[in-house]
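Enquirer: First the structure, which I've put down as structure tokens, then a few questions once you've had a look.
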Amino acid sequence: MNKKTVLAGALALCMTLSACGSKTPSLEEVEAAIRDGSVTVEDALDKGWVDQAWVDNYMEENSVPAADKIAINMVGEFETETVTGEAFTNTDLSSVTFMAFLDPEDGGAAGYYEELVKAVENVRGAGADIVLCTKGGMDDQLYQDAPFPVVAYNDSMQEALAQNDEMASGIPCTGVWYVDGSLVSAWLSTADADSLAESAKSFVDMKEEPQESGDGSMTAMPMG
């Protein structure tokens, strides 16, 4: 599946859900939207698109061993540069980081960026950080005086993300939580400062105190 197809599919799904208005989308549409980060499980529950039984079943079916999820979504070695021309590699990422991928020419980029700016102080207060990976010009006015690193999403980073590059490149504005070398959350096509701060604390806590499943194996909670 090429990147244009992924982008077209995500945009079509968002339009479908928006067009539904008072009409409830199908469970297949809801689940697809949760998978690509267009909506969260909590959003779907609040809107009445799904009930608690569906959520419980979804969480159970999508809980996977943490080791498997971490291995699949590992970020490889990469080298890129910041807007100031400094080298930036995977070793410069904090152990818990929200990685945002923005196209500065997209209409939603400014709003997404502003939420990152609002969130960064509280995110850092929780022990995490934010890195913005730009998919456009490094000298874009949007990134002037950014309070967090802004780096070029270049070929090296695309290769490092492997299959996850489909999401990073295919959706104009999106982001994902990185923990100890791996991408561990759903992809978020919208950003909210308060939610990012809460998520930062949750992922830092998760890193420090891994949870065990009932059978004693480590499990990763599906994020949505």
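Ordered as shown in the structure tokens, chains take letters A, B, and onward, while each chain numbers its residues from 1 and ligands are numbered from 1 in the order shown.
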As number ranges by chain, please: all residues of range 57-140 of chain A that backbone DSSP puts in strand (DSSP E).

Expert: A: 64-65, 79-81, 87-89, 96-102, 129-134

Enquirer: Go ahead and save the picked residues with N, CA, C and O atoms, as a short mmCIF file (atom, residue, chain, number, x, y, z; two decimals), in the first residue's frame.

Expert:
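Result file is selection.cif:
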data_model
loop_
_atom_site.label_atom_id
_atom_site.label_comp_id
_atom_site.auth_asym_id
_atom_site.auth_seq_id
_atom_site.Cartn_x
_atom_site.Cartn_y
_atom_site.Cartn_z
N VAL A 64 -1.67 -7.02 23.45
CA VAL A 64 -0.63 -7.92 22.94
C VAL A 64 0.54 -7.91 23.92
O VAL A 64 0.73 -6.97 24.68
N PRO A 65 1.32 -8.98 23.93
CA PRO A 65 2.51 -8.99 24.78
C PRO A 65 3.37 -7.77 24.52
O PRO A 65 3.64 -7.42 23.37
N GLU A 79 19.87 9.52 11.45
CA GLU A 79 20.60 10.78 11.61
C GLU A 79 19.92 11.84 10.77
O GLU A 79 19.66 11.65 9.58
N THR A 80 19.59 12.94 11.40
CA THR A 80 18.96 14.06 10.71
C THR A 80 19.55 15.35 11.27
O THR A 80 20.62 15.32 11.89
N GLU A 81 18.89 16.47 11.04
CA GLU A 81 19.41 17.72 11.59
C GLU A 81 18.27 18.61 12.05
O GLU A 81 17.13 18.46 11.61
N ALA A 87 23.30 18.30 14.27
CA ALA A 87 23.01 16.88 14.06
C ALA A 87 22.06 16.39 15.14
O ALA A 87 22.12 16.81 16.30
N PHE A 88 21.15 15.50 14.75
CA PHE A 88 20.19 14.91 15.69
C PHE A 88 20.02 13.46 15.30
O PHE A 88 19.74 13.14 14.14
N THR A 89 20.21 12.57 16.28
CA THR A 89 20.10 11.13 16.01
C THR A 89 19.11 10.49 16.98
O THR A 89 18.60 11.15 17.90
N VAL A 96 11.12 8.88 26.97
CA VAL A 96 9.69 9.04 26.73
C VAL A 96 9.50 10.35 25.96
O VAL A 96 9.77 11.42 26.48
N THR A 97 9.08 10.22 24.71
CA THR A 97 8.98 11.39 23.84
C THR A 97 7.73 11.31 22.98
O THR A 97 7.41 10.26 22.43
N PHE A 98 7.04 12.46 22.85
CA PHE A 98 5.96 12.53 21.87
C PHE A 98 6.57 13.01 20.57
O PHE A 98 7.09 14.12 20.49
N MET A 99 6.54 12.15 19.54
CA MET A 99 7.09 12.49 18.23
C MET A 99 5.96 12.95 17.33
O MET A 99 5.06 12.17 17.00
N ALA A 100 6.00 14.22 16.95
CA ALA A 100 4.98 14.78 16.07
C ALA A 100 5.55 14.89 14.66
O ALA A 100 6.72 15.22 14.48
N PHE A 101 4.71 14.62 13.67
CA PHE A 101 5.10 14.68 12.26
C PHE A 101 4.15 15.64 11.55
O PHE A 101 2.97 15.33 11.37
N LEU A 102 4.65 16.81 11.16
CA LEU A 102 3.78 17.84 10.60
C LEU A 102 4.22 18.26 9.20
O LEU A 102 5.41 18.40 8.91
N ASP A 129 9.27 14.41 26.85
CA ASP A 129 9.67 15.51 25.98
C ASP A 129 8.86 15.43 24.68
O ASP A 129 8.11 14.49 24.45
N ILE A 130 9.04 16.45 23.84
CA ILE A 130 8.40 16.54 22.53
C ILE A 130 9.46 16.79 21.48
O ILE A 130 10.38 17.59 21.69
N VAL A 131 9.35 16.10 20.35
CA VAL A 131 10.20 16.37 19.19
C VAL A 131 9.28 16.50 17.98
O VAL A 131 8.41 15.65 17.76
N LEU A 132 9.46 17.56 17.23
CA LEU A 132 8.65 17.78 16.03
C LEU A 132 9.47 17.41 14.80
O LEU A 132 10.57 17.92 14.61
N CYS A 133 8.94 16.53 13.99
CA CYS A 133 9.60 16.10 12.75
C CYS A 133 8.87 16.75 11.59
O CYS A 133 7.71 16.42 11.32
N THR A 134 9.51 17.69 10.92
CA THR A 134 8.83 18.42 9.85
C THR A 134 8.97 17.71 8.52
O THR A 134 10.04 17.24 8.15
#

Enquirer: Point out the residue among A:Val150, A:Gln163, A:Ser169, A:Gly181 with the least atom-to-atom distance to Thr91 in chain A, counting only C-alpha atoms.

Expert: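 Smallest distance to Thr91 in chain A is found for A:Gly181.
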
Enquirer: Please provide the set of residues having any atom within 9 Å of Val204 in chain A, restricted to only C-alpha atoms, with same-chain residues fewer than 5 positions apart removed, written as a PDB file with C-alpha atoms, in the first residue's frame.

Expert:
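Once written, selection26.pdb looks like this:
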ATOM      1  CA  SER A  95      13.308   7.798  26.784  1.00  0.00           C
ATOM      2  CA  VAL A  96       9.687   9.038  26.729  1.00  0.00           C
ATOM      3  CA  ALA A 126       6.106  14.810  33.874  1.00  0.00           C
ATOM      4  CA  GLY A 127       9.544  13.611  32.771  1.00  0.00           C
ATOM      5  CA  ALA A 128       8.934  13.323  29.011  1.00  0.00           C
ATOM      6  CA  VAL A 179       9.083   4.881  24.916  1.00  0.00           C
ATOM      7  CA  SER A 199      -0.375  10.896  28.523  1.00  0.00           C
ATOM      8  CA  GLU A 209       6.397   0.425  36.661  1.00  0.00           C
TER       9      GLU A 209
END

Enquirer: Taking the chain letters and numbering used in this document, name the residues of range 46-103 of chain A that DSSP puts in helix (DSSP H, G or I), as JSON, numbers by chain.

Expert: {"A": [46, 52, 53, 54, 55, 56, 57, 58, 59, 60, 61, 62, 66, 67, 68, 69, 70, 71, 72, 90, 91, 92]}

Enquirer: Would you list the contacts of Gly108 in chain A as a ChimeraX atom specification, taking every protein, DNA or RNA residue within 12 Å and counting only C-alpha atoms, but skipping same-chain residues closer than 3 positions in sequence?

Expert: /A:101-105,111-115,142,171-174,189-191

Enquirer: Restricting the calculation to only C-alpha atoms, which member of A:Val39, A:Lys47, A:Glu31, A:Phe148 is positioned closest to Met59 in chain A?

Expert: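 For Met59 in chain A, the nearest of the given residues is A:Glu31.
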